[in-house]
Amino acid sequence: MDYAPRTMMEMSVAFLAFLMAVGTGLLLFQNGASLNTLAYVSGQAQDRSLHQTANPAVGDGTMSGAEVLHVLARLEEGDAEMLVDGIRYAAPLEREQLRMAGIPLQKKYVPEYERDAEGRLLRLVLRRVP
């Protein structure tokens with residue numbers, strides 16, 4: 001075999017190996033970036049310092065009894081106390097107490113927020129809509 005065709009074939013194989021290496025590296029980089037994003041999102045979902053609150057701008061500003069019960073179930077130490085129809089709930093709260101609370105799930109409640117001078121939530125007062 002001549003020297004020029006042999007060199008051309010060697011260069012072609014080397015170029016193909018290089019392209020495969022670059023493609024594999026790109027796929028590994030993209031996979032790592034997507035795993036990093038997934039880890040960040042799942043870490044945010046498990047962060048207990050972030051709390052989802054009811055947004056009164058959506059809808060008519062009322063909460064259903066089921067939403068009230070859900071908020072009570074997620075009441076943790078350090079959270080503001082809640083008054084539901086005059087009954088006080090504060091952390092730590094036993095889950096067994098919630099079953100006997102007598103909060104009708106189909107009724108609507110209007111939230112009122114009591115805050116201190118710095119804007120921290122002190123108390124959430126929920127009154128049943130007649």
# chains A, B, ... in the order shown; residues from 1 in each chain; ligands from 1
>>> residues_around(residues="Pro130 (chain A)", least_positions_apart="6", cutoff="10 Å", atoms="only C-alpha atoms", output="PDB file with N, CA, C and O atoms, in the first residue's frame")
ATOM      1  N   LYS A 107     -66.687  24.139  53.994  1.00  0.00           N
ATOM      2  CA  LYS A 107     -66.920  25.548  54.313  1.00  0.00           C
ATOM      3  C   LYS A 107     -65.747  26.404  53.834  1.00  0.00           C
ATOM      4  O   LYS A 107     -64.654  25.927  53.610  1.00  0.00           O
ATOM      5  N   LYS A 108     -65.995  27.683  53.695  1.00  0.00           N
ATOM      6  CA  LYS A 108     -64.973  28.642  53.272  1.00  0.00           C
ATOM      7  C   LYS A 108     -64.546  29.500  54.460  1.00  0.00           C
ATOM      8  O   LYS A 108     -65.349  29.818  55.331  1.00  0.00           O
ATOM      9  N   TYR A 109     -63.271  29.858  54.474  1.00  0.00           N
ATOM     10  CA  TYR A 109     -62.705  30.670  55.542  1.00  0.00           C
ATOM     11  C   TYR A 109     -62.001  31.873  54.953  1.00  0.00           C
ATOM     12  O   TYR A 109     -61.360  31.772  53.910  1.00  0.00           O
TER      13      TYR A 109
END
>>> select_by_dssp(residues="chain A", states="alpha helix (DSSP H)", output="PDB file with N, CA and C atoms, in the first residue's frame")
ATOM      1  N   TYR A   3       2.045   5.174   0.660  1.00  0.00           N
ATOM      2  CA  TYR A   3       2.147   5.934   1.894  1.00  0.00           C
ATOM      3  C   TYR A   3       0.999   6.926   2.038  1.00  0.00           C
ATOM      4  N   ALA A   4       0.560   7.625   1.022  1.00  0.00           N
ATOM      5  CA  ALA A   4      -0.483   8.653   1.085  1.00  0.00           C
ATOM      6  C   ALA A   4      -1.849   8.060   1.442  1.00  0.00           C
ATOM      7  N   PRO A   5      -2.309   6.969   0.791  1.00  0.00           N
ATOM      8  CA  PRO A   5      -3.617   6.415   1.189  1.00  0.00           C
ATOM      9  C   PRO A   5      -3.615   5.888   2.631  1.00  0.00           C
ATOM     10  N   ARG A   6      -2.480   5.298   3.014  1.00  0.00           N
ATOM     11  CA  ARG A   6      -2.410   4.775   4.388  1.00  0.00           C
ATOM     12  C   ARG A   6      -2.492   5.921   5.404  1.00  0.00           C
ATOM     13  N   THR A   7      -1.825   7.000   5.170  1.00  0.00           N
ATOM     14  CA  THR A   7      -1.862   8.160   6.061  1.00  0.00           C
ATOM     15  C   THR A   7      -3.262   8.762   6.091  1.00  0.00           C
ATOM     16  N   MET A   8      -3.912   8.804   4.924  1.00  0.00           N
ATOM     17  CA  MET A   8      -5.262   9.335   4.851  1.00  0.00           C
ATOM     18  C   MET A   8      -6.217   8.466   5.676  1.00  0.00           C
ATOM     19  N   MET A   9      -6.083   7.154   5.619  1.00  0.00           N
ATOM     20  CA  MET A   9      -6.943   6.259   6.394  1.00  0.00           C
ATOM     21  C   MET A   9      -6.670   6.415   7.891  1.00  0.00           C
ATOM     22  N   GLU A  10      -5.407   6.536   8.277  1.00  0.00           N
ATOM     23  CA  GLU A  10      -5.063   6.734   9.681  1.00  0.00           C
ATOM     24  C   GLU A  10      -5.636   8.051  10.202  1.00  0.00           C
ATOM     25  N   MET A  11      -5.540   9.104   9.367  1.00  0.00           N
ATOM     26  CA  MET A  11      -6.085  10.402   9.770  1.00  0.00           C
ATOM     27  C   MET A  11      -7.613  10.341   9.880  1.00  0.00           C
ATOM     28  N   SER A  12      -8.259   9.579   8.973  1.00  0.00           N
ATOM     29  CA  SER A  12      -9.714   9.438   9.036  1.00  0.00           C
ATOM     30  C   SER A  12     -10.136   8.724  10.310  1.00  0.00           C
ATOM     31  N   VAL A  13      -9.447   7.650  10.663  1.00  0.00           N
ATOM     32  CA  VAL A  13      -9.761   6.917  11.891  1.00  0.00           C
ATOM     33  C   VAL A  13      -9.504   7.796  13.112  1.00  0.00           C
ATOM     34  N   ALA A  14      -8.408   8.541  13.098  1.00  0.00           N
ATOM     35  CA  ALA A  14      -8.109   9.427  14.216  1.00  0.00           C
ATOM     36  C   ALA A  14      -9.162  10.529  14.342  1.00  0.00           C
ATOM     37  N   PHE A  15      -9.605  11.066  13.209  1.00  0.00           N
ATOM     38  CA  PHE A  15     -10.630  12.104  13.223  1.00  0.00           C
ATOM     39  C   PHE A  15     -11.954  11.552  13.740  1.00  0.00           C
ATOM     40  N   LEU A  16     -12.337  10.343  13.324  1.00  0.00           N
ATOM     41  CA  LEU A  16     -13.559   9.718  13.815  1.00  0.00           C
ATOM     42  C   LEU A  16     -13.476   9.458  15.327  1.00  0.00           C
ATOM     43  N   ALA A  17     -12.311   9.010  15.795  1.00  0.00           N
ATOM     44  CA  ALA A  17     -12.128   8.790  17.236  1.00  0.00           C
ATOM     45  C   ALA A  17     -12.247  10.112  17.994  1.00  0.00           C
ATOM     46  N   PHE A  18     -11.693  11.182  17.408  1.00  0.00           N
ATOM     47  CA  PHE A  18     -11.799  12.492  18.028  1.00  0.00           C
ATOM     48  C   PHE A  18     -13.250  12.956  18.091  1.00  0.00           C
ATOM     49  N   LEU A  19     -13.996  12.785  16.993  1.00  0.00           N
ATOM     50  CA  LEU A  19     -15.410  13.177  16.983  1.00  0.00           C
ATOM     51  C   LEU A  19     -16.219  12.380  17.999  1.00  0.00           C
ATOM     52  N   MET A  20     -15.927  11.080  18.133  1.00  0.00           N
ATOM     53  CA  MET A  20     -16.626  10.264  19.125  1.00  0.00           C
ATOM     54  C   MET A  20     -16.306  10.740  20.546  1.00  0.00           C
ATOM     55  N   ALA A  21     -15.061  11.094  20.783  1.00  0.00           N
ATOM     56  CA  ALA A  21     -14.677  11.581  22.108  1.00  0.00           C
ATOM     57  C   ALA A  21     -15.358  12.914  22.430  1.00  0.00           C
ATOM     58  N   VAL A  22     -15.421  13.816  21.448  1.00  0.00           N
ATOM     59  CA  VAL A  22     -16.078  15.105  21.653  1.00  0.00           C
ATOM     60  C   VAL A  22     -17.569  14.902  21.887  1.00  0.00           C
ATOM     61  N   GLY A  23     -18.196  14.024  21.096  1.00  0.00           N
ATOM     62  CA  GLY A  23     -19.628  13.743  21.277  1.00  0.00           C
ATOM     63  C   GLY A  23     -19.922  13.128  22.642  1.00  0.00           C
ATOM     64  N   THR A  24     -19.089  12.195  23.069  1.00  0.00           N
ATOM     65  CA  THR A  24     -19.272  11.575  24.381  1.00  0.00           C
ATOM     66  C   THR A  24     -19.088  12.599  25.492  1.00  0.00           C
ATOM     67  N   GLY A  25     -18.100  13.462  25.360  1.00  0.00           N
ATOM     68  CA  GLY A  25     -17.886  14.513  26.356  1.00  0.00           C
ATOM     69  C   GLY A  25     -19.061  15.468  26.434  1.00  0.00           C
ATOM     70  N   LEU A  26     -19.612  15.828  25.280  1.00  0.00           N
ATOM     71  CA  LEU A  26     -20.768  16.717  25.250  1.00  0.00           C
ATOM     72  C   LEU A  26     -21.966  16.065  25.927  1.00  0.00           C
ATOM     73  N   LEU A  27     -22.213  14.796  25.644  1.00  0.00           N
ATOM     74  CA  LEU A  27     -23.323  14.085  26.285  1.00  0.00           C
ATOM     75  C   LEU A  27     -23.123  14.000  27.797  1.00  0.00           C
ATOM     76  N   LEU A  28     -21.894  13.726  28.228  1.00  0.00           N
ATOM     77  CA  LEU A  28     -21.625  13.676  29.667  1.00  0.00           C
ATOM     78  C   LEU A  28     -21.825  15.035  30.317  1.00  0.00           C
ATOM     79  N   PHE A  29     -21.416  16.098  29.640  1.00  0.00           N
ATOM     80  CA  PHE A  29     -21.600  17.445  30.176  1.00  0.00           C
ATOM     81  C   PHE A  29     -23.082  17.781  30.299  1.00  0.00           C
ATOM     82  N   GLN A  30     -23.864  17.485  29.257  1.00  0.00           N
ATOM     83  CA  GLN A  30     -25.295  17.760  29.300  1.00  0.00           C
ATOM     84  C   GLN A  30     -25.988  16.941  30.389  1.00  0.00           C
ATOM     85  N   ASN A  31     -25.604  15.683  30.542  1.00  0.00           N
ATOM     86  CA  ASN A  31     -26.181  14.832  31.570  1.00  0.00           C
ATOM     87  C   ASN A  31     -25.845  15.370  32.956  1.00  0.00           C
ATOM     88  N   GLY A  32     -24.615  15.791  33.156  1.00  0.00           N
ATOM     89  CA  GLY A  32     -24.220  16.368  34.443  1.00  0.00           C
ATOM     90  C   GLY A  32     -24.974  17.647  34.750  1.00  0.00           C
ATOM     91  N   ALA A  33     -25.169  18.493  33.736  1.00  0.00           N
ATOM     92  CA  ALA A  33     -25.900  19.737  33.941  1.00  0.00           C
ATOM     93  C   ALA A  33     -27.359  19.470  34.293  1.00  0.00           C
ATOM     94  N   SER A  34     -27.981  18.505  33.628  1.00  0.00           N
ATOM     95  CA  SER A  34     -29.381  18.191  33.946  1.00  0.00           C
ATOM     96  C   SER A  34     -29.502  17.564  35.332  1.00  0.00           C
ATOM     97  N   LEU A  35     -28.543  16.729  35.729  1.00  0.00           N
ATOM     98  CA  LEU A  35     -28.565  16.161  37.078  1.00  0.00           C
ATOM     99  C   LEU A  35     -28.342  17.240  38.135  1.00  0.00           C
ATOM    100  N   ASN A  36     -27.507  18.217  37.829  1.00  0.00           N
ATOM    101  CA  ASN A  36     -27.290  19.327  38.753  1.00  0.00           C
ATOM    102  C   ASN A  36     -28.569  20.140  38.934  1.00  0.00           C
ATOM    103  N   THR A  37     -29.268  20.413  37.848  1.00  0.00           N
ATOM    104  CA  THR A  37     -30.531  21.144  37.922  1.00  0.00           C
ATOM    105  C   THR A  37     -31.569  20.352  38.702  1.00  0.00           C
ATOM    106  N   LEU A  38     -31.650  19.053  38.458  1.00  0.00           N
ATOM    107  CA  LEU A  38     -32.590  18.205  39.176  1.00  0.00           C
ATOM    108  C   LEU A  38     -32.287  18.178  40.671  1.00  0.00           C
ATOM    109  N   ALA A  39     -31.020  18.106  41.028  1.00  0.00           N
ATOM    110  CA  ALA A  39     -30.634  18.107  42.447  1.00  0.00           C
ATOM    111  C   ALA A  39     -30.996  19.436  43.100  1.00  0.00           C
ATOM    112  N   TYR A  40     -30.810  20.538  42.381  1.00  0.00           N
ATOM    113  CA  TYR A  40     -31.150  21.851  42.924  1.00  0.00           C
ATOM    114  C   TYR A  40     -32.647  21.968  43.159  1.00  0.00           C
ATOM    115  N   VAL A  41     -33.454  21.531  42.186  1.00  0.00           N
ATOM    116  CA  VAL A  41     -34.907  21.620  42.307  1.00  0.00           C
ATOM    117  C   VAL A  41     -35.414  20.727  43.435  1.00  0.00           C
ATOM    118  N   SER A  42     -34.908  19.506  43.523  1.00  0.00           N
ATOM    119  CA  SER A  42     -35.371  18.618  44.584  1.00  0.00           C
ATOM    120  C   SER A  42     -34.885  19.096  45.946  1.00  0.00           C
ATOM    121  N   GLY A  43     -33.728  19.718  46.005  1.00  0.00           N
ATOM    122  CA  GLY A  43     -33.255  20.292  47.262  1.00  0.00           C
ATOM    123  C   GLY A  43     -34.119  21.451  47.705  1.00  0.00           C
ATOM    124  N   GLN A  44     -34.588  22.241  46.758  1.00  0.00           N
ATOM    125  CA  GLN A  44     -35.481  23.349  47.078  1.00  0.00           C
ATOM    126  C   GLN A  44     -36.816  22.831  47.589  1.00  0.00           C
ATOM    127  N   ALA A  45     -37.305  21.727  47.006  1.00  0.00           N
ATOM    128  CA  ALA A  45     -38.584  21.166  47.429  1.00  0.00           C
ATOM    129  C   ALA A  45     -38.499  20.599  48.834  1.00  0.00           C
ATOM    130  N   GLN A  46     -37.324  20.141  49.267  1.00  0.00           N
ATOM    131  CA  GLN A  46     -37.174  19.553  50.579  1.00  0.00           C
ATOM    132  C   GLN A  46     -36.712  20.554  51.628  1.00  0.00           C
ATOM    133  N   GLY A  65     -62.080  24.514  53.901  1.00  0.00           N
ATOM    134  CA  GLY A  65     -61.762  23.817  55.138  1.00  0.00           C
ATOM    135  C   GLY A  65     -60.644  22.817  54.953  1.00  0.00           C
ATOM    136  N   ALA A  66     -60.577  22.194  53.779  1.00  0.00           N
ATOM    137  CA  ALA A  66     -59.503  21.238  53.490  1.00  0.00           C
ATOM    138  C   ALA A  66     -58.153  21.946  53.459  1.00  0.00           C
ATOM    139  N   GLU A  67     -58.100  23.151  52.879  1.00  0.00           N
ATOM    140  CA  GLU A  67     -56.854  23.910  52.862  1.00  0.00           C
ATOM    141  C   GLU A  67     -56.446  24.321  54.270  1.00  0.00           C
ATOM    142  N   VAL A  68     -57.421  24.697  55.084  1.00  0.00           N
ATOM    143  CA  VAL A  68     -57.136  25.068  56.471  1.00  0.00           C
ATOM    144  C   VAL A  68     -56.567  23.867  57.214  1.00  0.00           C
ATOM    145  N   LEU A  69     -57.176  22.709  57.033  1.00  0.00           N
ATOM    146  CA  LEU A  69     -56.695  21.496  57.689  1.00  0.00           C
ATOM    147  C   LEU A  69     -55.294  21.137  57.214  1.00  0.00           C
ATOM    148  N   HIS A  70     -55.018  21.340  55.932  1.00  0.00           N
ATOM    149  CA  HIS A  70     -53.682  21.073  55.389  1.00  0.00           C
ATOM    150  C   HIS A  70     -52.651  22.019  56.009  1.00  0.00           C
ATOM    151  N   VAL A  71     -52.993  23.289  56.138  1.00  0.00           N
ATOM    152  CA  VAL A  71     -52.073  24.257  56.748  1.00  0.00           C
ATOM    153  C   VAL A  71     -51.833  23.890  58.206  1.00  0.00           C
ATOM    154  N   LEU A  72     -52.874  23.469  58.915  1.00  0.00           N
ATOM    155  CA  LEU A  72     -52.708  23.059  60.305  1.00  0.00           C
ATOM    156  C   LEU A  72     -51.816  21.831  60.425  1.00  0.00           C
ATOM    157  N   ALA A  73     -51.933  20.900  59.480  1.00  0.00           N
ATOM    158  CA  ALA A  73     -51.120  19.691  59.518  1.00  0.00           C
ATOM    159  C   ALA A  73     -49.649  20.012  59.287  1.00  0.00           C
ATOM    160  N   ARG A  95     -50.952  15.447  65.627  1.00  0.00           N
ATOM    161  CA  ARG A  95     -51.803  15.169  64.461  1.00  0.00           C
ATOM    162  C   ARG A  95     -53.145  14.577  64.867  1.00  0.00           C
ATOM    163  N   GLU A  96     -53.194  13.900  65.993  1.00  0.00           N
ATOM    164  CA  GLU A  96     -54.456  13.312  66.444  1.00  0.00           C
ATOM    165  C   GLU A  96     -55.464  14.395  66.811  1.00  0.00           C
ATOM    166  N   GLN A  97     -54.986  15.559  67.214  1.00  0.00           N
ATOM    167  CA  GLN A  97     -55.882  16.658  67.560  1.00  0.00           C
ATOM    168  C   GLN A  97     -56.606  17.184  66.321  1.00  0.00           C
ATOM    169  N   LEU A  98     -55.996  17.072  65.177  1.00  0.00           N
ATOM    170  CA  LEU A  98     -56.599  17.616  63.954  1.00  0.00           C
ATOM    171  C   LEU A  98     -57.823  16.828  63.532  1.00  0.00           C
ATOM    172  N   ARG A  99     -57.843  15.540  63.767  1.00  0.00           N
ATOM    173  CA  ARG A  99     -58.989  14.723  63.360  1.00  0.00           C
ATOM    174  C   ARG A  99     -60.233  15.115  64.148  1.00  0.00           C
TER     175      ARG A  99
END
>>> select_by_dssp(residues="region 8-127 of chain A", states="strand (DSSP E)", output="JSON, numbers by chain")
{"A": [63, 64, 81, 82, 83, 84, 87, 88, 89, 108, 109, 110, 111, 112, 113, 114, 115, 121, 122, 123, 124, 125, 126, 127]}
>>> closest_residue(among="A:Asp85, A:Glu94, A:Asp79, A:Asp60", to="Leu126 (chain A)", atoms="only C-alpha atoms")
A:Asp85
>>> residues_around(residues="region 86-90 of chain A", least_positions_apart="2", cutoff="9 Å", atoms="only C-alpha atoms", output="PyMOL selection string")
chain A and resi 72+75-77+79-84+92-93+101+125-127
>>> closest_residue(among="A:Arg74, A:Ala91, A:Arg128, A:Gly61", to="Leu105 (chain A)", atoms="only C-alpha atoms")
A:Arg128
>>> atom_distance(atom1="CA of Ile103 (chain A)", atom2="CA of Gly119 (chain A)")
28.6 Å
>>> atom_distance(atom1="CA of Arg120 (chain A)", atom2="CA of Ser64 (chain A)")
24.1 Å
>>> closest_residue(among="A:Ala117, A:Val110, A:Leu124, A:Val129", to="Met63 (chain A)", atoms="only C-alpha atoms")
A:Val110
